[in-house]
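S.K.: For reference, the structure I am asking about is given below.
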Protein chains: 4
Amino acid sequence: MTTLWGGRFSQRPDPLAARFTHSIGFDQRLWDADITGSIAWARAICRAGLLTEAERDRLIEGLEAVRAEWASGTFVIHPDDEDIHTANERRLGEIIGKDLAGKLHTGRSRNDQVVTDVRLWLRDVSRRLRDALIDLQKAAIERAEAGMDVLMPGYTHLQRAQPVRFALWMMAYFWMWQRDRERLDDLMRRADLCPLGAGALAGNPFSVDRHALAEDLGFPDITQNAMDTVSDRDFILEFLSWAAILGVHLSRLAADLTLWCTAEFGFVTLSDKHSTGSSLMPQKKNPDTLELLRGKAGRLIGDLTALLTVVKGLPLTYNSDLQEDKERLFDAADTLMAALPLAAAVLREMTIHPDRMAAALSDDLLATDLADYLVRKGMPFRESHHVVGRVVRRAEELGIPLSQLPLSELQAISPLFDQDVKDVWDFERSVERRRSAGGTARAAIEVQIAQARKLVEE
Amino acid sequence: MTTLWGGRFSQRPDPLAARFTHSIGFDQRLWDADITGSIAWARAICRAGLLTEAERDRLIEGLEAVRAEWASGTFVIHPDDEDIHTANERRLGEIIGKDLAGKLHTGRSRNDQVVTDVRLWLRDVSRRLRDALIDLQKAAIERAEAGMDVLMPGYTHLQRAQPVRFALWMMAYFWMWQRDRERLDDLMRRADLCPLGAGALAGNPFSVDRHALAEDLGFPDITQNAMDTVSDRDFILEFLSWAAILGVHLSRLAADLTLWCTAEFGFVTLSDKHSTGSSLMPQKKNPDTLELLRGKAGRLIGDLTALLTVVKGLPLTYNSDLQEDKERLFDAADTLMAALPLAAAVLREMTIHPDRMAAALSDDLLATDLADYLVRKGMPFRESHHVVGRVVRRAEELGIPLSQLPLSELQAISPLFDQDVKDVWDFERSVERRRSAGGTARAAIEVQIAQARKLVEE
Amino acid sequence: MTTLWGGRFSQRPDPLAARFTHSIGFDQRLWDADITGSIAWARAICRAGLLTEAERDRLIEGLEAVRAEWASGTFVIHPDDEDIHTANERRLGEIIGKDLAGKLHTGRSRNDQVVTDVRLWLRDVSRRLRDALIDLQKAAIERAEAGMDVLMPGYTHLQRAQPVRFALWMMAYFWMWQRDRERLDDLMRRADLCPLGAGALAGNPFSVDRHALAEDLGFPDITQNAMDTVSDRDFILEFLSWAAILGVHLSRLAADLTLWCTAEFGFVTLSDKHSTGSSLMPQKKNPDTLELLRGKAGRLIGDLTALLTVVKGLPLTYNSDLQEDKERLFDAADTLMAALPLAAAVLREMTIHPDRMAAALSDDLLATDLADYLVRKGMPFRESHHVVGRVVRRAEELGIPLSQLPLSELQAISPLFDQDVKDVWDFERSVERRRSAGGTARAAIEVQIAQARKLVEE
Amino acid sequence: MTTLWGGRFSQRPDPLAARFTHSIGFDQRLWDADITGSIAWARAICRAGLLTEAERDRLIEGLEAVRAEWASGTFVIHPDDEDIHTANERRLGEIIGKDLAGKLHTGRSRNDQVVTDVRLWLRDVSRRLRDALIDLQKAAIERAEAGMDVLMPGYTHLQRAQPVRFALWMMAYFWMWQRDRERLDDLMRRADLCPLGAGALAGNPFSVDRHALAEDLGFPDITQNAMDTVSDRDFILEFLSWAAILGVHLSRLAADLTLWCTAEFGFVTLSDKHSTGSSLMPQKKNPDTLELLRGKAGRLIGDLTALLTVVKGLPLTYNSDLQEDKERLFDAADTLMAALPLAAAVLREMTIHPDRMAAALSDDLLATDLADYLVRKGMPFRESHHVVGRVVRRAEELGIPLSQLPLSELQAISPLFDQDVKDVWDFERSVERRRSAGGTARAAIEVQIAQARKLVEE
């Protein structure tokens with residue numbers, strides 16, 4: 001048996017139990033981080049006088065040999081390798097001899113080792129996710145700039161509300177993703193701390209210098225309390241919360257675009273490259289990628305709920321329940337590493353149809369402007385709102401668009417209506433009126449885009 | 001390109017999109033069900049006059065050849081095989097020629113095909129889960145019978161409450177699992193319906209006989225509405241709800257047993273076969289399997305939450321979001337197929353320590369019996385409860401067990417206490433007094449076990 | 001202090017703690033069930049010889065007096081009433097004297113009392129929910145019958161797929177709700193069991209006849225194991241699962257209808273009575289009720305997740321965490337008691353627009369029929385699918401509807417096309433072709449409706 | 001009808017629908033924030049030339065009069081008041097006249113108004129939560145300092161692992177809460193932004209100065225995009241994620257302490273003030289407050305799941321589903337405003353039992369130290385781990401504590417054991433050896449506490 005323990009045990013594990021408890025099936029992804037951590041540990045215990053420099057160097061050499069096997073795909077997992085830590089230490093012993101390999105784990109526990117591995121892995125992945133997020137933001141900026149002149153109905157409650165520039169809609173997503181980026185930076189400040197040297201739960205008995213270890217591994221600081229260190233999974237919970245919220249943002253984008261891809265809306269056509277067909281219906285072109293982007297939010301919410309529930313009510317310190325953390329983390333990270341570039345590609349390659357958008361600009365989108373017209377004539381807004389409500393009803397009764405109501409009809413409802421009311425019926429003017437910060441006027445959007453550009457070029 | 005559609009498309013999928021949308025990575029598990037469904041379909045469309053009997057036979061032969069490849073592990077997945085349906089049809093074409101293979105999908109859609117596959121798969125898995133559940137119930141009965149004579153403290157709020165037989169505790173789990181079994185039977189009545197022939201969403205245009213199809217595939221009945229059929233995932237949601245509740249039951253068992261494995265309780269020792277050691281601390285024997293059983297509840301709750309969230313707010317009928325159903329389902333089923341036999345093995349092989357349990361039977365567990373003693377002397381219960389509360393306080397002040405309080409002390413609190421109060425201090429008698437149905441007296445538990453035996457031997 | 005315990009305590013609760021632990025704020029809803037349960041209990045302990053008949057009658061009289069106070073809104077909650085059980089017992093003592101009132105709790109615990117109350121309450125509520133569900137099903141049948149002649153596009157992936165009858169769409173929801181009803185019946189078989197007499201956890205020491213109690217309270221049977229009885233919340237978890245799945249169904253209905261209420265689809269107009277306006281935009285008529293129906297699914301999923309998480313990992317038997325069950329249960333039941341009748345009203349009072357639906361019947365919806373046409377001419381379906389894909393592409397290139405493609409164009413793609421192809425371009429005929437069970441042909445839907453009628457008239 | 005819209009409607013709401021859609025039942029909590037926001041809005045539209053200064057002053061006076069009614073509990077909600085915004089505007093009209101009151105909503109929508117209210121409310125609540133969190137951290141520091149000399153077993157997998165100072169355990173929670181505090185500060189940077197002036201979705205048409213508005217309301221900055229502003233609920237999702245993680249921390253504290261309150265552990269006695277009794281069992285003293293603290297984590301996870309699910313898949317911009325946000329937010333904030341001070345009180349007033357902790361310090365806790373002893377003699381750790389495993393097994397066979405094994409027995413297992421091995425059997429020395437940062441040695445904990453002190457005294 002090659003497990004790292006076993007001395008006090010008189011029976012081998014039940015195969016059922018082994019299958020249930022072994023994590024090598026999924027934690028082998030941590031192979032690189034595990035070796036990096038072990039090399040740093042070899043240096044640390046050498047500094048602490050537990051290894052000679054020659055021993056340290058042979059250990060490092062051996063660990064690099066193990067790394068090379070993983071990198072080349074030649075590493076062979078042994079049935080007794082319960083986890084990546086066991087596998088790497090077992091293989092190291094085969095390469096450099098058990099005596100020296102057996103010194104590596106001095107003063108270390110798998111409890112601090114595994115969170116070191118995960119934190120190292122997450123640091124790397126989070127950088128790649130951050131880059132993918134920035135690229136998605138860039139795609140939004142590009143589309144916003146290209147769509148500055150395009151007017152479309154803005155919707156609330158899926159009902160036509162007020163005319164907006166396509167660019168305003170697009171930039172709304174930019175800001176969601178900007179918050180996602182800030183959240184990622186925030187959480188990584190807490191994730192990027194060195195846990196190594198915390199031991200099983202009580203700290204290190206060989207005076208290992210944890211700050212030097214942190215520096216060696218590129219962590220800006222260390223975790224502060226050994227018991228907390230080995231039982232804390234906050235950094236994963238934060239990551240999963242982050243992933244779930246980002247997933248929700250992508251799901252909203254998908255909701256908008258699947259709607260716009262309908263024959264009825266027709267505002268957008270997805271690239272063939274991002275669509276799929278039907279096995280039965282030859283005409284179908286389905287926005288499959290969007291639907292999956294929407295569905296992934298459910299998956300990410302499930303990952304978060306799962307781990308929150310796992311950690312809830314656990315006594316300190318380490319319990320094996322925490323082994324459930326990694327599959328959730330990997331799943332969320334993989335999901336987003338696939339979703340983010342795809343969302344960017346979809347945005348960049350979809351075709352928008354300004355004509356269809358323009359055709360959807362119906363007069364009722366200007367009802368607020370009509371009320372504002374009366375406000376400018378001195379009527380209190382609440383009254384003007386009511387008056388225009390009656391105008392809308394009248395137009396519906398007559399079955400004509402608002403702008404076609406004769407002045408006489410309008411004046412029958414309020415004498416404040418005058419010839420100049422015809423100026424209200426101009427979508428461009430409506431849009432340009434909303435030039436306060438955040439509004440849909442061109443100038444206001446240009447301010448947004450300028451800020452956005454700075455944020456992605458930092 | 002070997003996709004089942006493509007005729008109207010002018011571009012191949014973006015590789016990013018292909019990776020994101022292809023489900024072959026996980027739905028290949030449905031290979032057997034997919035072939036079974038296709039064979040039934042071939043028969044159905046032959047009956048409907050769309051195939052000759054010779055064509056049908058060659059199709060079935062071809063499908064069996066594909067099945068043999070999967071069974072022997074020689075089936076090779078092609079990069080364009082987006083899902084198991086595509087893979088099987090593509091391979092069928094290679095074996096029997098595209099012309100004939102191309103007739104198989106007549107009047108069928110992947111929308112009805114995939115739910116047929118999943119329902120067939122689930123039928124098989126649910127039977128195996130049901131057997132595993134029954135075996136777990138049997139393990140509980142065995143332990144209950146063996147532990148009939150063992151008394152232990154029963155706990156509420158983790159505080160010692162009243163003495164109970166170990167058998168009563170063990171049988172509590174039996175009944176949880178009995179409800180789980182009933183729930184599984186209930187949900188399978190709804191899951192075990194034939195969807196095939198519903199088409200993409202509107203039904204079958206070739207007058208295929210869906211009842212004959214159902215019979216052929218061993219389904220007791222068909223689904224009733226084509227649009228519902230292709231968009232419904234209730235049977236998976238029900239299964240995941242079932243799995244989550246069963247997971248919660250296992251987590252409670254694990255909570256009890258991990259506690260009892262502590263040095264402080266010491267009621268139970270797990271088999272070495274179900275324990276693991278520490279890489280650092282040589283004395284450790286950790287109830288790893290129990291902790292993972294507890295943790296799996298979080299995973300199962302996450303699977304359920306994920307799919308509920310995926311389906312929430314989806315317009316009819318099929319949307320690709322629903323593709324997220326399978327990984328959740330497989331994960332839940334696999335988790336329980338591993339957890340149930342392991343839980344049974346843990347129960348069967350753990351050692352209980354009646355001496356430690358007996359040592360934990362402290363006098364305060366009989367405080368209710370003391371109050372009942374006063375009730376039998378005519379004191380209203382609420383008053384006797386209060387009187388005994390003061391007795392408990394007095395014993396704490398004096399630092400002695402309840403049973404050691406001199407009669408004079410008791411009588412100073414209530415004159416109803418008499419010599420016969422000493423009969424209260426008998427745990428066996430306390431337990432035997434609770435002989436109403438469901439109670440901890442031997443006879444009452446024997447009734448339970450007899451019922452239970454019948455339920456597992458049905 | 002009027003708490004039911006306190007004898008052994010030397011300090012009053014911290015007001016902070018009292019606020020945190022008192023459940024009277026929400027469990028007062030159980031007042032009626034609590035009194036009903038107590039009356040049955042008085043009868044039971046009288047039968048067991050613990051009360052004289054005169055005492056029993058005075059207790060019942062007193063309990064009815066307490067009930068009358070609740071019913072008339074004159075019951076005054078006392079600051080020390082931690083829960084409904086304490087409040088009722090305290091008030092009973094004030095009315096009939098503490099001595100007699102103090103006998104009521106003999107052999108009973110709040111642990112079995114509270115689940116008795118909740119099960120009684122749930123039985124009543126579940127009946128009302130069932131009735132509301134049946135009424136909703138009736139609304140679906142009515143609309144389906146009235147909409148039998150109305151054709152509309154059926155959608156998959158929100159893309160137009162095949163023409164269907166409005167009635168088929170409507171009946172899809174009927175079947176979802178039918179499953180909900182079956183699930184409710186199933187779970188109530190497990191919920192409708194009498195827990196009373198289980199005591200705190202070990203059963204009843206006064207030989208109370210639990211079967212007689214059950215009969216008295218109208219429960220068909222009793223729970224089987226005292227420890228399970230007081231710690232089991234499966235019946236609430238099942239109810240919450242049920243509520244979440246039903247909530248998801250309502251959310252899908254809402255998703256369809258909000259879409260159809262858009263200006264772009266325009267298939268449906270909601271009654272003014274089920275719409276709200278905007279405080280700013282006078283033209284707006286928002287399908288507020290539908291959006292909330294959709295949103296409630298999230299709330300119900302949250303209720304379920306919450307309680308699953310609460311119960312996960314709890315040791316046996318009762319723990320105060322379980323007190324969290326009631327707010328979740330009440331919230332889910334209230335949500336559905338409001339949502340179901342509203343959904344029925346929305347369905348009954350919405351106006352559908354067959355003209356807008358007809359206008360959306362574009363030729364591409366018949367592409368499958370065109371492929372089937374070729375199948376009938378002898379072409380393998382997979383080839384005909386591909387051929388029609390090319391036809392679709394050609395029509396797109398020419399910018400004309402499919403049916404306007406000259407025969408010569410068609411024949412350039414496949415020589416099997418002939419004059420009779422013009423018969424394909426008939427939506428009614430397409431619909432009527434799908435007459436297999438569950439299909440969209442009139443006859444098939446009539447079968448469905450006939451079955452449905454029977455199910456609601458049982 | 002006093003709704004803010006209604007002009008275009010011809011029917012009053014269905015009472016069922018009104019009950020379903022009205023939010024006044026819960027959003028009335030925002031009364032103060034709503035009035036504060038309206039006063040700022042009056043100033044803003046005055047600056048924009050839409051009100052005279054006299055009008056503005058009368059509006060503000062009127063709004064203060066409404067505020068006074070709420071503050072004194074005399075505000076009467078009208079049946080048509082669908083939400084707090086409507087109620088306040090309606091009442092304002094009654095006080096200062098409809099004409100002037102009717103000007104207040106000029107250029108404002110309830111869409112930007114409601115998020116202004118919620119953000120103002122959250123700002124206030126988050127400050128109080130932060131203070132409560134700091135006080136809880138102080139309680140932890142106090143207990144840690146007082147418990148510096150107390151040794152106890154540290155646990156992994158609930159098995160005794162290594163001896164630790166009580167102070168190390170206590171400080172583990174300090175750091176969890178420190179992360180919670182940092183997370184709260186991080187999220188409030190994103191929550192504390194002024195949305196007012198975004199209008200319904202398209203921005204403000206009267207050139208209102210949003211930066212001045214922000215300054216007026218004490219927001220450091222404004223939101224950047226009108227469409228995002230009215231549909232974004234990230235700040236609530238972040239708050240709920242924060243609350244769930246904090247809830248999980250409290251649940252772990254509760255898990256540790258409920259365990260330690262058992263008769264079997266006996267490390268801690270809760271104050272009577274934080275305990276409750278049993279209605280049946282007179283001896284019971286239940287750690288009710290702890291159990292509820294643990295249970296609340298489930299509730300908070302449910303709140304988070306609910307809102308994530310609600311927002312998932314919503315098209316832009318505002319949809320009424322978002323109305324579900326407030327009850328979740330209020331529930332989470334209320335739960336924690338009750339839980340945090342209670343947790344602090346529990347910590348401060350519980351009694352710890354150093355004697356019981358000391359009694360639990362069994363020799364096996366020093367097995368790692370024994371292995372380290374061999375390492376110091378030159379044996380590779382992995383070998384020494386194995387050797388000590390055999391020592392443990394031998395001691396178990398002989399049924400004696402590790403420290404009682406004769407030297408001869410030890411030497412039979414490894415010749416490296418010598419007389420000085422007896423020095424290993426000293427818990428204080430073991431603890432003091434772990435003096436690396438984060439370890440359990442006194443000096444290392446003092447460093448932690450000094451850092452912690454600084455963090456709470458900032």
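Chain labels run A, B, ... following the order of the structure tokens; each chain numbers its residues from 1, and ligands are numbered from 1 in the order shown.
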Given a cut-off of 7 Å, which residues of chain A touch chain B, counting only C-alpha atoms, written out as a PyMOL selection string?

M.R.: chain A and resi 4-6+8-14+16-17+20-21+108-110+272-274+277-280+282-283+288-289+291-292+294-295+298-299+301-303+305-307+309-310+319-321+324+338+342

S.K.: Which residues are close to region 70-80 of chain A, i.e. within 10 Å by only C-alpha atoms, leaving aside same-chain residues fewer than 3 positions away? Reply as a VMD selection string.

M.R.: chain A and resid 1 to 4 13 18 to 19 22 24 to 25 28 to 29 31 to 32 64 to 67 83 to 84 86 to 88 90 to 91

S.K.: Output N, CA, C and O atoms of each residue in that selection to a file, as an mmCIF file, in the first residue's frame.

M.R.:
```cif
data_model
loop_
_atom_site.group_PDB
_atom_site.id
_atom_site.type_symbol
_atom_site.label_atom_id
_atom_site.label_comp_id
_atom_site.auth_asym_id
_atom_site.auth_seq_id
_atom_site.Cartn_x
_atom_site.Cartn_y
_atom_site.Cartn_z
ATOM 1 N N MET A 1 0.863 -1.199 0.000
ATOM 2 C CA MET A 1 0.000 0.000 0.000
ATOM 3 C C MET A 1 0.895 1.244 0.000
ATOM 4 O O MET A 1 1.855 1.328 0.761
ATOM 5 N N THR A 2 0.569 2.174 -0.860
ATOM 6 C CA THR A 2 1.408 3.365 -0.961
ATOM 7 C C THR A 2 0.760 4.595 -0.343
ATOM 8 O O THR A 2 1.204 5.706 -0.572
ATOM 9 N N THR A 3 -0.306 4.409 0.423
ATOM 10 C CA THR A 3 -0.899 5.602 1.045
ATOM 11 C C THR A 3 0.117 6.239 1.973
ATOM 12 O O THR A 3 1.106 5.620 2.363
ATOM 13 N N LEU A 4 -0.148 7.487 2.334
ATOM 14 C CA LEU A 4 0.800 8.230 3.160
ATOM 15 C C LEU A 4 0.628 7.932 4.636
ATOM 16 O O LEU A 4 1.254 8.534 5.473
ATOM 17 N N PRO A 13 -8.421 -0.600 2.659
ATOM 18 C CA PRO A 13 -9.730 -0.001 2.424
ATOM 19 C C PRO A 13 -10.650 -0.925 1.629
ATOM 20 O O PRO A 13 -10.203 -1.660 0.751
ATOM 21 N N ALA A 18 -12.754 3.063 -1.178
ATOM 22 C CA ALA A 18 -11.650 3.672 -1.902
ATOM 23 C C ALA A 18 -12.187 4.497 -3.074
ATOM 24 O O ALA A 18 -11.807 5.648 -3.265
ATOM 25 N N ARG A 19 -13.103 3.893 -3.814
ATOM 26 C CA ARG A 19 -13.685 4.628 -4.945
ATOM 27 C C ARG A 19 -14.361 5.905 -4.477
ATOM 28 O O ARG A 19 -14.329 6.923 -5.144
ATOM 29 N N HIS A 22 -11.315 8.412 -2.842
ATOM 30 C CA HIS A 22 -10.178 8.862 -3.646
ATOM 31 C C HIS A 22 -10.545 10.084 -4.475
ATOM 32 O O HIS A 22 -11.600 10.120 -5.097
ATOM 33 N N ILE A 24 -8.171 11.431 -6.649
ATOM 34 C CA ILE A 24 -7.198 11.547 -7.742
ATOM 35 C C ILE A 24 -7.900 11.736 -9.088
ATOM 36 O O ILE A 24 -7.374 12.401 -9.986
ATOM 37 N N GLY A 25 -9.115 11.198 -9.209
ATOM 38 C CA GLY A 25 -9.872 11.340 -10.451
ATOM 39 C C GLY A 25 -10.051 12.786 -10.859
ATOM 40 O O GLY A 25 -10.067 13.108 -12.052
ATOM 41 N N GLN A 28 -6.116 15.462 -9.869
ATOM 42 C CA GLN A 28 -4.873 15.371 -10.638
ATOM 43 C C GLN A 28 -4.621 16.644 -11.452
ATOM 44 O O GLN A 28 -3.499 16.926 -11.856
ATOM 45 N N ARG A 29 -5.682 17.437 -11.659
ATOM 46 C CA ARG A 29 -5.483 18.724 -12.340
ATOM 47 C C ARG A 29 -4.521 19.627 -11.605
ATOM 48 O O ARG A 29 -4.020 20.603 -12.175
ATOM 49 N N TRP A 31 -1.687 18.878 -10.525
ATOM 50 C CA TRP A 31 -0.328 18.319 -10.528
ATOM 51 C C TRP A 31 0.761 19.380 -10.565
ATOM 52 O O TRP A 31 1.748 19.294 -9.842
ATOM 53 N N ASP A 32 0.571 20.374 -11.377
ATOM 54 C CA ASP A 32 1.620 21.370 -11.542
ATOM 55 C C ASP A 32 1.762 22.211 -10.267
ATOM 56 O O ASP A 32 2.862 22.426 -9.761
ATOM 57 N N GLU A 64 11.021 17.866 -10.342
ATOM 58 C CA GLU A 64 10.962 18.338 -11.735
ATOM 59 C C GLU A 64 10.820 17.169 -12.690
ATOM 60 O O GLU A 64 10.174 17.279 -13.734
ATOM 61 N N ALA A 65 11.395 16.057 -12.319
ATOM 62 C CA ALA A 65 11.241 14.862 -13.156
ATOM 63 C C ALA A 65 9.777 14.397 -13.145
ATOM 64 O O ALA A 65 9.228 14.009 -14.185
ATOM 65 N N VAL A 66 9.158 14.439 -11.962
ATOM 66 C CA VAL A 66 7.738 14.085 -11.887
ATOM 67 C C VAL A 66 6.917 15.059 -12.727
ATOM 68 O O VAL A 66 6.040 14.674 -13.501
ATOM 69 N N ARG A 67 7.231 16.338 -12.590
ATOM 70 C CA ARG A 67 6.520 17.347 -13.378
ATOM 71 C C ARG A 67 6.634 17.051 -14.868
ATOM 72 O O ARG A 67 5.655 17.180 -15.615
ATOM 73 N N ASP A 83 -4.790 10.556 -3.873
ATOM 74 C CA ASP A 83 -4.928 11.944 -4.332
ATOM 75 C C ASP A 83 -3.639 12.364 -5.025
ATOM 76 O O ASP A 83 -2.675 11.592 -5.094
ATOM 77 N N ILE A 84 -3.619 13.562 -5.539
ATOM 78 C CA ILE A 84 -2.455 14.037 -6.293
ATOM 79 C C ILE A 84 -1.227 14.125 -5.406
ATOM 80 O O ILE A 84 -0.106 13.854 -5.853
ATOM 81 N N THR A 86 -0.442 12.185 -2.822
ATOM 82 C CA THR A 86 0.074 10.829 -2.667
ATOM 83 C C THR A 86 0.761 10.373 -3.946
ATOM 84 O O THR A 86 1.850 9.786 -3.908
ATOM 85 N N ALA A 87 0.122 10.639 -5.061
ATOM 86 C CA ALA A 87 0.673 10.206 -6.345
ATOM 87 C C ALA A 87 2.051 10.831 -6.569
ATOM 88 O O ALA A 87 3.018 10.129 -6.930
ATOM 89 N N ASN A 88 2.150 12.111 -6.351
ATOM 90 C CA ASN A 88 3.431 12.782 -6.594
ATOM 91 C C ASN A 88 4.511 12.301 -5.620
ATOM 92 O O ASN A 88 5.658 12.073 -6.025
ATOM 93 N N ARG A 90 4.619 9.419 -4.044
ATOM 94 C CA ARG A 90 4.928 8.028 -4.386
ATOM 95 C C ARG A 90 5.905 7.971 -5.560
ATOM 96 O O ARG A 90 6.931 7.293 -5.534
ATOM 97 N N ARG A 91 5.597 8.736 -6.595
ATOM 98 C CA ARG A 91 6.440 8.714 -7.792
ATOM 99 C C ARG A 91 7.816 9.291 -7.500
ATOM 100 O O ARG A 91 8.837 8.766 -7.981
#
```

S.K.: If you run DSSP over the backbone, which residues in region 311-395 of chain D end up alpha helix (DSSP H)? Put them as a ChimeraX atom specification.

M.R.: /D:311,325-349,354-359,367-376,381-395

S.K.: List as a list in words the protein and nucleic acid residues near Glu238 (chain C), meaning an atom at most 10 Å away when only C-alpha atoms are counted, but skip any in the same chain fewer than 3 places from it.

M.R.: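 So, after excluding close chain neighbours, the residues are Arg183, Glu238, Ser241, Trp242 and Ile245 of chain B; Arg183, Leu184, Asp186, Leu187, Met188, Arg190, Ala191, Arg233, Asp234, Phe235, Ser241, Trp242, Ala243, Ala244 and Leu304 of chain C.
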